[in-house]
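Notes follow the structure.
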Amino acid sequence: MISFVLGVEDLTDTRFAISPLTVVMGSLRALRAPALYPLHVRWRAGVLRTLDPADRLLLSALVGDSLAMPDFLTPRPTAFAPAFEDELAVVRATPVEVVRRDLQAAHAPRSLPDALRQAASPAGPDVRELADGLCSVLRRYWESALLPHWPRIRLLLEADITHRARQLATGGARLLFTELHPNLRWQDGVLSIDRMIGHHEVEGSGRGLRLLPSLFAHKPAPPISAEEPPMLDYPGRGAATLWEPEPEPDASALGSLLGAPRTTVLRLLAEPLPTVELARRLGVTPSAVSQHLRVLHATGLVTRVRDGRRVLYRRSPLGEQLASA
C-alpha cells in the first residue's frame with residue numbers, strides 16, 4: 001500500500017491535469033499486457049503493425065514485469081495541459097542519477113533488460129544519450145500511435161475532469177477519492193492506494209496533489225519513488241467509447257442548423273463573391289442576401305474584404321468545417 005498524507009494546504013492545492021506523456025506511458029502498458037486492456041485490442045494490433053521493431057523493443061523495456069514504469073518519464077505537470085514537447089524537455093533535463101534510480105526501480109527486483117542495462121549501469125557513460133534517445137522514440141510513437149486520436153482522447157479526459165469537479169463540489173474530497181477507484185481509501189487526512197507493489201508513505205508537505213485521468217489506466221498508479229510529490233494517474237471515464245466509429249455526416253444537418261437559405265449562401269462562398277453575384281445566382285434581391293450575410297459574418301462563418309467598390313465574402317475556416325460536414 002502507498003499512502004499520501006495530505007494536509008489542508010495539500011487539499012487546497014489538489015488539481016487535475018491532462019498529461020500527453022502520462023497517457024503515452026500508460027498506453028505502453030496496454031501494449032505489454034493486452035489482457036488487462038480489452039477495450040484497446042484493435043488499437044494495439046494496428047500500432048504493432050506499424051511500429052518500428054527497434055522502437056518496439058525499447059518501448060517494451062520501459063515497462064517492468066509488474067507494469068511499473070520509470071517515474072522520470074511521467075513528470076509532474078506544472079500546467080493544466082502541458083504540451084508534449086514541453087514534457088519531453090523536462091525528461092531530458094532529468095539528473096543522471098535519477099534516470100538510473102527510476103529505471104532500476106521499475107524493474108526491481110529483476111535486472112534491467114538488455115536494451116537498458118549498459119547505459120543505466122553506474123559505470124555506463126551513456127545515460128544522457130539514453131534519455132535523449134528515449135525522447136526521440138517516444139515522440140515517434142506519440143505521433144504515429146496517439147496524436148491522430150488525441151482530440152477525442154482529450155475531449156474524454158476533459159469530460160471526466162468536469163464530472164470529478166462536480167463530485168468535489170457536491171461531496172468534498174471524500175466523495176471524490178471514493179469514486180475515483182475502489183482501491184482508494186480516504187481517512188483521517190490520508191489517501192491510501194491499496195494493492196500496490198510498493199509500501200511507503202509520502203508526506204504532502206504543502207506540495208499538493210495532482211490527479212491525472214487516463215484512458216489507458218486499469219487502476220490508480222502513483223509514482224514508484226517515495227521521493228516524488230503526491231501524484232495519481234487514475235482510470236478516466238469513457239474509455240469504452242474511445243474507439244467507437246464517428247457517425248456518418250448528415251447532409252441535412254447544416255440546413256437544420258442554419259436554415260436552407262443561409263446554408264445555400266454558405267455553400268456558394270467556397271470562392272469570394274460579392275452580394276450582387278450571390279443574389280444573381282440565387283434569384284433573389286441583394287437586400288435579401290445582405291441579411292443572410294450579416295448573420296453569417298456576425299457568427300464567424302464568413303469573412304469579408306473590400307475589393308475596390310465591391311465587398312467580397314468567403315467562408316471562414318469555421319464555415320469551411322461546417323460546409324464540408
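Ligands are numbered from 1 in the order shown, chains are lettered A, B, ... in the order of the C-alpha cells, and residues start at 1 in each chain.
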Region 76-128 of chain A: which residues are alpha helix (DSSP H) by DSSP, as number ranges by chain?
A: 84-92, 96-107, 114-120, 127-128
With distances taken over only C-alpha atoms, which residue among A:Ala239, A:Leu39, A:Ile153, A:Ala226 lies nearest Val24 (chain A)?
A:Ile153
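Of the residues listed (A:Asp114, A:Glu85, A:Asp160, A:Asp102), A:Asp160 shows the shortest atom-to-atom separation from Ala17 (chain A); distances use only C-alpha atoms.
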Between A:Gly26, A:Trp243, A:Leu103, A:Ala323, which is the closest to His40 (chain A) once you count only C-alpha atoms?
A:Trp243
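Here the question is which of A:Pro53, A:Arg42, A:Arg139, A:Glu203 gets nearest to Ala83 (chain A) using only C-alpha atoms, and that residue is A:Arg139.
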Surrounding residues of Arg56 (chain A) excluding itself and chain neighbours under 6 positions, 12 Å, only C-alpha atoms, as a ChimeraX atom specification:
/A:28,31-32,47-50,62-63,115,134,137-138,140-141,145
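Distances from A:Thr162, A:Ser111, A:Ser256, A:Thr22 to Phe72 (chain A) were compared using only C-alpha atoms, and the smallest one belongs to A:Thr22.
The residue set within 12 Å of Ala279 (chain A), counting only C-alpha atoms and dropping same-chain residues fewer than 4 places from it, reads Pro261, Thr264, Val265, Leu268, Leu273, Pro274, Thr275, Gly283, Val284, Thr285, Pro286, Ser287, Ala288, Val289, Ser290, Gln291, His292 and Leu293 of chain A.
Proximity to Leu21 (chain A) at 7 Å, evaluated using only C-alpha atoms and with sequence-adjacent residues fewer than 6 positions away removed, yields A:Thr74, A:Phe84, A:Glu87.
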Keeping N, CA and C atoms, export the residues of the selection given above as a PDB file, in the first residue's frame.
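Final output, saved to result_27.pdb:
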```pdb
ATOM      1  N   THR A  74       7.204  10.198 -16.392  1.00  0.00           N
ATOM      2  CA  THR A  74       5.873  10.777 -16.141  1.00  0.00           C
ATOM      3  C   THR A  74       6.046  11.977 -15.201  1.00  0.00           C
ATOM      4  N   PHE A  84       3.186  18.238 -25.305  1.00  0.00           N
ATOM      5  CA  PHE A  84       4.003  17.026 -25.282  1.00  0.00           C
ATOM      6  C   PHE A  84       5.489  17.363 -25.349  1.00  0.00           C
ATOM      7  N   GLU A  87       6.881  18.484 -22.036  1.00  0.00           N
ATOM      8  CA  GLU A  87       7.113  17.377 -21.105  1.00  0.00           C
ATOM      9  C   GLU A  87       8.381  16.608 -21.466  1.00  0.00           C
TER      10      GLU A  87
END
```
Can you tell me which residues surround Leu215 (chain A) at a distance of at most 7 Å, considering only C-alpha atoms, apart from same-chain residues fewer than 2 positions away, and format the answer as a ChimeraX atom specification?
/A:213,217,235-236,239
Export all heavy atoms of the chosen residues as a PDB file, in the first residue's frame?
```
ATOM      1  N   PRO A 213      -6.300  11.953 -15.154  1.00  0.00           N
ATOM      2  CA  PRO A 213      -7.099  10.890 -15.754  1.00  0.00           C
ATOM      3  C   PRO A 213      -6.400  10.312 -16.977  1.00  0.00           C
ATOM      4  O   PRO A 213      -5.675  11.007 -17.685  1.00  0.00           O
ATOM      5  CB  PRO A 213      -8.390  11.612 -16.143  1.00  0.00           C
ATOM      6  CG  PRO A 213      -7.966  13.027 -16.397  1.00  0.00           C
ATOM      7  CD  PRO A 213      -6.859  13.298 -15.421  1.00  0.00           C
ATOM      8  N   ALA A 217      -5.380   3.492 -18.130  1.00  0.00           N
ATOM      9  CA  ALA A 217      -5.060   3.088 -16.762  1.00  0.00           C
ATOM     10  C   ALA A 217      -6.115   2.082 -16.310  1.00  0.00           C
ATOM     11  O   ALA A 217      -7.310   2.335 -16.434  1.00  0.00           O
ATOM     12  CB  ALA A 217      -5.051   4.297 -15.827  1.00  0.00           C
ATOM     13  N   PRO A 235      -7.904   5.711 -13.722  1.00  0.00           N
ATOM     14  CA  PRO A 235      -8.723   5.381 -14.898  1.00  0.00           C
ATOM     15  C   PRO A 235      -9.805   6.420 -15.147  1.00  0.00           C
ATOM     16  O   PRO A 235     -10.660   6.659 -14.302  1.00  0.00           O
ATOM     17  CB  PRO A 235      -9.346   4.023 -14.527  1.00  0.00           C
ATOM     18  CG  PRO A 235      -8.487   3.485 -13.426  1.00  0.00           C
ATOM     19  CD  PRO A 235      -7.988   4.684 -12.671  1.00  0.00           C
ATOM     20  N   GLY A 236      -9.769   7.052 -16.306  1.00  0.00           N
ATOM     21  CA  GLY A 236     -10.775   8.047 -16.655  1.00  0.00           C
ATOM     22  C   GLY A 236     -12.029   7.387 -17.217  1.00  0.00           C
ATOM     23  O   GLY A 236     -11.987   6.254 -17.713  1.00  0.00           O
ATOM     24  N   ALA A 239     -13.549   5.319 -21.543  1.00  0.00           N
ATOM     25  CA  ALA A 239     -12.612   4.541 -22.361  1.00  0.00           C
ATOM     26  C   ALA A 239     -13.345   3.628 -23.339  1.00  0.00           C
ATOM     27  O   ALA A 239     -12.865   3.363 -24.445  1.00  0.00           O
ATOM     28  CB  ALA A 239     -11.692   3.716 -21.462  1.00  0.00           C
TER      29      ALA A 239
END
```
What does the structure give for the distance between CA of Arg100 (chain A) and CA of Ile197 (chain A), in Å to one decimal?
19.7 Å
Taking 6 positions as the minimum chain separation for residues in the same chain, which residues sit within 6 Å of Asp233 (chain A) when counting only C-alpha atoms? Answer as a CSV table (one decimal) with N, CA, C and O atoms, in the first residue's frame.
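The result, written out as out-v1.csv:
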```
chain,number,residue,atom,x,y,z
A,212,LEU,N,-4.4,12.8,-12.5
A,212,LEU,CA,-4.3,12.8,-14.0
A,212,LEU,C,-5.2,11.6,-14.5
A,212,LEU,O,-4.9,10.5,-14.3
A,213,PRO,N,-6.3,12.0,-15.2
A,213,PRO,CA,-7.1,10.9,-15.8
A,213,PRO,C,-6.4,10.3,-17.0
A,213,PRO,O,-5.7,11.0,-17.7
A,220,PRO,N,-5.4,2.9,-10.2
A,220,PRO,CA,-4.6,4.1,-9.9
A,220,PRO,C,-3.1,3.7,-9.8
A,220,PRO,O,-2.7,2.7,-9.4
A,221,ALA,N,-2.3,4.7,-10.4
A,221,ALA,CA,-0.9,4.5,-10.4
A,221,ALA,C,-0.1,5.7,-9.9
A,221,ALA,O,0.0,6.7,-10.6
```
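Separating CA of Gly208 (chain A) from CA of Gly7 (chain A) is a distance of 8.6 Å.
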